[in-house]
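Structure file data.cif; described as mmCIF, C-alpha atoms.
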data_coords
#
loop_
_atom_site.label_atom_id
_atom_site.label_comp_id
_atom_site.auth_asym_id
_atom_site.auth_seq_id
_atom_site.Cartn_x
_atom_site.Cartn_y
_atom_site.Cartn_z
CA MET A 917 23.72 177.42 217.93
CA SER A 918 27.27 176.01 217.92
CA THR A 919 29.54 176.72 215.00
CA SER A 920 32.08 174.42 213.44
CA GLY A 921 34.89 176.66 214.72
CA GLU A 922 33.84 176.10 218.34
CA GLU A 923 33.56 172.36 217.76
CA ALA A 924 37.01 172.29 216.17
CA LYS A 925 38.49 174.09 219.20
CA ILE A 926 36.84 171.59 221.55
CA LEU A 927 38.14 168.63 219.53
CA GLU A 928 41.67 170.08 219.51
CA ASP A 929 41.50 170.60 223.26
CA VAL A 930 40.36 167.03 223.85
CA LYS A 931 43.02 165.63 221.51
CA SER A 932 45.73 167.65 223.24
CA ARG A 933 44.81 166.08 226.59
CA VAL A 934 45.10 162.49 225.33
CA PRO A 935 48.72 161.29 225.05
CA ASP A 936 49.84 159.96 221.69
CA ASP A 937 51.41 156.81 223.10
CA MET A 938 48.90 154.89 225.22
CA SER A 939 51.17 151.94 225.94
CA SER A 940 51.34 150.40 229.38
CA ASP A 941 54.68 152.14 230.05
CA THR A 942 53.23 155.63 229.83
CA LEU A 943 49.86 154.75 231.27
CA TYR A 944 51.22 153.63 234.64
CA LYS A 945 54.18 155.99 234.88
CA PHE A 946 54.43 157.80 238.19
CA GLY A 947 56.07 161.12 238.86
CA PRO A 948 59.23 161.59 240.90
CA HIS A 949 59.27 160.76 244.59
CA VAL A 950 58.38 163.58 246.96
CA ASN A 951 61.36 164.61 249.05
CA VAL A 952 60.77 164.81 252.77
CA GLU A 953 64.10 166.27 253.76
CA PHE A 954 64.61 169.02 256.29
CA ASN A 955 65.90 171.57 253.77
CA ASP A 956 62.99 170.88 251.39
CA ILE A 957 60.36 171.42 254.10
CA PHE A 958 61.90 174.25 256.18
CA GLU A 959 63.52 176.53 253.67
CA GLU A 960 64.43 180.00 254.85
CA SER A 961 64.04 183.07 252.70
CA LEU A 962 66.99 184.22 250.61
CA ASP A 963 67.10 187.60 252.39
CA TYR A 964 67.49 185.92 255.78
CA GLN A 965 70.16 183.55 254.52
CA GLN A 966 72.25 186.43 253.12
CA SER A 967 71.92 188.63 256.23
CA ASN A 968 74.55 188.67 259.00
CA LEU A 969 72.10 187.18 261.51
CA GLY A 970 71.16 184.35 259.17
CA GLN A 971 74.78 183.51 258.40
CA SER A 972 75.93 183.55 262.01
CA ILE A 973 73.15 182.29 264.30
CA GLY A 974 70.47 181.12 261.87
CA THR A 975 72.59 178.56 260.09
CA LYS A 976 73.89 177.03 263.32
CA VAL A 977 70.43 176.82 264.89
CA ASN A 978 68.80 175.66 261.68
CA HIS A 979 71.30 173.01 260.71
CA GLY A 980 72.55 172.09 264.12
CA CYS A 981 69.61 171.77 266.45
CA LEU A 982 66.46 171.80 264.33
CA GLN A 983 67.73 169.48 261.60
CA SER A 984 68.94 166.97 264.18
CA LEU A 985 65.58 167.14 265.96
CA PHE A 986 63.72 166.71 262.67
CA ASP A 987 65.82 163.70 261.64
CA LYS A 988 65.39 162.01 265.01
CA CYS A 989 61.63 162.60 265.08
CA ASN A 990 61.32 161.40 261.49
CA SER A 991 63.23 158.19 262.07
CA GLY A 992 61.57 157.66 265.47
CA THR A 993 58.12 157.96 263.93
CA PHE A 994 59.08 155.47 261.23
CA TYR A 995 60.38 152.96 263.76
CA VAL A 996 57.34 153.32 266.01
CA LEU A 997 54.93 152.83 263.11
CA SER A 998 56.81 149.99 261.45
CA VAL A 999 58.20 148.03 264.39
CA LEU A 1000 55.70 148.56 267.18
CA ILE A 1001 52.46 148.94 265.26
CA GLY A 1002 53.24 147.21 261.92
CA TRP A 1003 53.33 143.63 263.18
CA LEU A 1004 50.26 144.25 265.36
CA SER A 1005 48.21 145.64 262.47
CA ALA A 1006 49.30 142.75 260.23
CA LEU A 1007 48.28 140.25 262.92
CA VAL A 1008 44.91 141.95 263.51
CA CYS A 1009 44.14 142.16 259.78
CA GLY A 1010 45.07 138.48 259.33
CA LEU A 1011 42.89 137.41 262.25
CA LEU A 1012 39.95 139.49 261.06
CA PHE A 1013 40.25 138.05 257.56
CA GLY A 1014 40.42 134.50 258.94
CA VAL A 1015 37.47 134.98 261.29
CA ASN A 1016 35.44 136.56 258.48
CA MET A 1017 36.11 133.63 256.15
CA ALA A 1018 35.35 131.08 258.88
CA VAL A 1019 32.03 132.78 259.67
CA GLN A 1020 31.08 132.88 255.99
CA ILE A 1021 32.01 129.25 255.34
CA TRP A 1022 30.74 127.62 258.54
CA CYS A 1023 27.76 129.82 259.50
CA ILE A 1024 26.36 131.96 256.71
CA GLN A 1025 26.44 129.50 253.80
CA PRO A 1026 24.80 126.62 255.77
CA CYS A 1027 22.12 129.03 257.00
CA ILE A 1028 21.38 130.15 253.45
CA LYS A 1029 21.09 126.52 252.31
CA LEU A 1030 18.82 125.76 255.26
CA VAL A 1031 16.57 128.71 254.40
CA PHE A 1032 16.24 127.58 250.76
CA THR A 1033 15.47 124.01 251.85
CA TRP A 1034 12.86 125.31 254.31
CA LEU A 1035 11.28 127.52 251.63
CA ARG A 1036 11.02 124.54 249.26
CA LEU A 1037 9.29 122.49 251.98
CA CYS A 1038 6.91 125.37 252.82
CA PHE A 1039 6.08 125.76 249.12
CA ALA A 1040 5.19 122.06 248.83
CA CYS A 1041 3.02 122.14 251.96
CA ASN A 1042 1.34 125.40 250.95
CA ARG A 1043 0.63 124.06 247.47
CA ALA A 1044 -1.03 120.94 248.89
CA TYR A 1045 -3.08 123.04 251.35
CA VAL A 1046 -4.30 125.41 248.63
CA ARG A 1047 -5.17 122.53 246.29
CA ALA A 1048 -7.13 120.74 249.03
CA CYS A 1049 -8.93 123.68 250.66
CA PHE A 1050 -9.19 126.68 248.37
CA ASP A 1051 -9.43 125.16 244.88
CA PRO A 1052 -12.86 123.55 245.49
CA ILE A 1053 -14.20 126.84 246.87
CA PHE A 1054 -12.86 128.80 243.90
CA GLN A 1055 -14.26 126.26 241.44
CA SER A 1056 -17.75 126.32 243.01
CA ILE A 1057 -17.78 130.13 243.09
CA GLY A 1058 -16.70 130.16 239.46
CA GLN A 1059 -19.49 127.75 238.47
CA CYS A 1060 -22.09 129.76 240.38
CA LEU A 1061 -21.05 133.00 238.76
CA ALA A 1062 -20.79 131.41 235.30
CA TYR A 1063 -24.58 131.11 235.02
CA ILE A 1064 -25.21 134.83 235.52
CA ARG A 1065 -26.19 136.25 232.20
CA GLY A 1066 -25.89 139.96 231.93
CA SER A 1067 -26.68 142.14 229.02
CA PHE A 1068 -25.09 145.52 228.88
CA ARG A 1069 -26.39 147.13 225.73
CA THR A 1070 -26.71 150.80 225.08
CA GLU A 1071 -30.14 150.27 223.44
CA GLN A 1072 -31.70 149.10 226.67
CA MET A 1073 -30.27 152.06 228.52
CA GLU A 1074 -31.90 154.41 226.01
CA GLN A 1075 -35.31 152.62 226.23
CA ARG A 1076 -35.68 153.05 229.97
CA PRO A 1077 -36.08 156.81 230.06
CA SER A 1078 -38.55 156.64 227.16
CA ALA A 1079 -40.54 153.90 228.91
CA ALA A 1080 -40.71 156.05 232.02
CA ALA A 1081 -41.87 159.02 229.99
CA SER A 1082 -44.73 157.04 228.39
CA LYS A 1083 -46.20 156.15 231.79
#

Write-out of the structure in structure tokens:
Amino acid sequence: MSTSGEEAKILEDVKSRVPDDMSSDTLYKFGPHVNVEFNDIFEESLDYQQSNLGQSIGTKVNHGCLQSLFDKCNSGTFYVLSVLIGWLSALVCGLLFGVNMAVQIWCIQPCIKLVFTWLRLCFACNRAYVRACFDPIFQSIGQCLAYIRGSFRTEQMEQRPSAAASK
């Protein structure tokens, strides 16, 4: 169904996607940082900037009031997240990690060892109980059933209907 031309196109496409230099420098190279500046986010159209209204009122409102408000909200958000919440989240994560490790070391691992020790003891007791109670019963049933002699031949099955017909 597929021709060699289609396969060649697919191979070229795959080879074009793989970079030639697969060193660690190009493999972990990140793109440029995303700018979060006021002019990059709130950019006015070129027509508005060149109009009389945009040059008189728009520039003053845009750069005076809104840019100042944006800068203050941006820095305020950063300070709230880093100063007020940052130390609290670091403390909570550290405490949760410590409590988790303490629970694993002092509670979970000893319980697992206790369960395995208990299972070994139950296995030894169960083995002794089976050997004392059930093995003699199984041996006597096996000896009783060993003396049953059955013959399952197809010749006997064929003789029965003929014997019934002769009567």

Tell me, in Å to one decimal, how far CA of Phe986 in chain A is from CA of Ile957 in chain A.
10.3 Å

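The interatomic distance for the pair CA of Cys981 in chain A and CA of Leu1000 in chain A works out to 27.1 Å.
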
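You will find CA of Pro1026 in chain A at 19.3 Å from CA of Phe1013 in chain A.
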
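Minimum atom-to-atom distances from A:Val1046, A:Thr1033, A:Glu953, A:Leu1061 to Asn990 in chain A were compared using all atoms listed in the file, and the lowest value belongs to A:Glu953.
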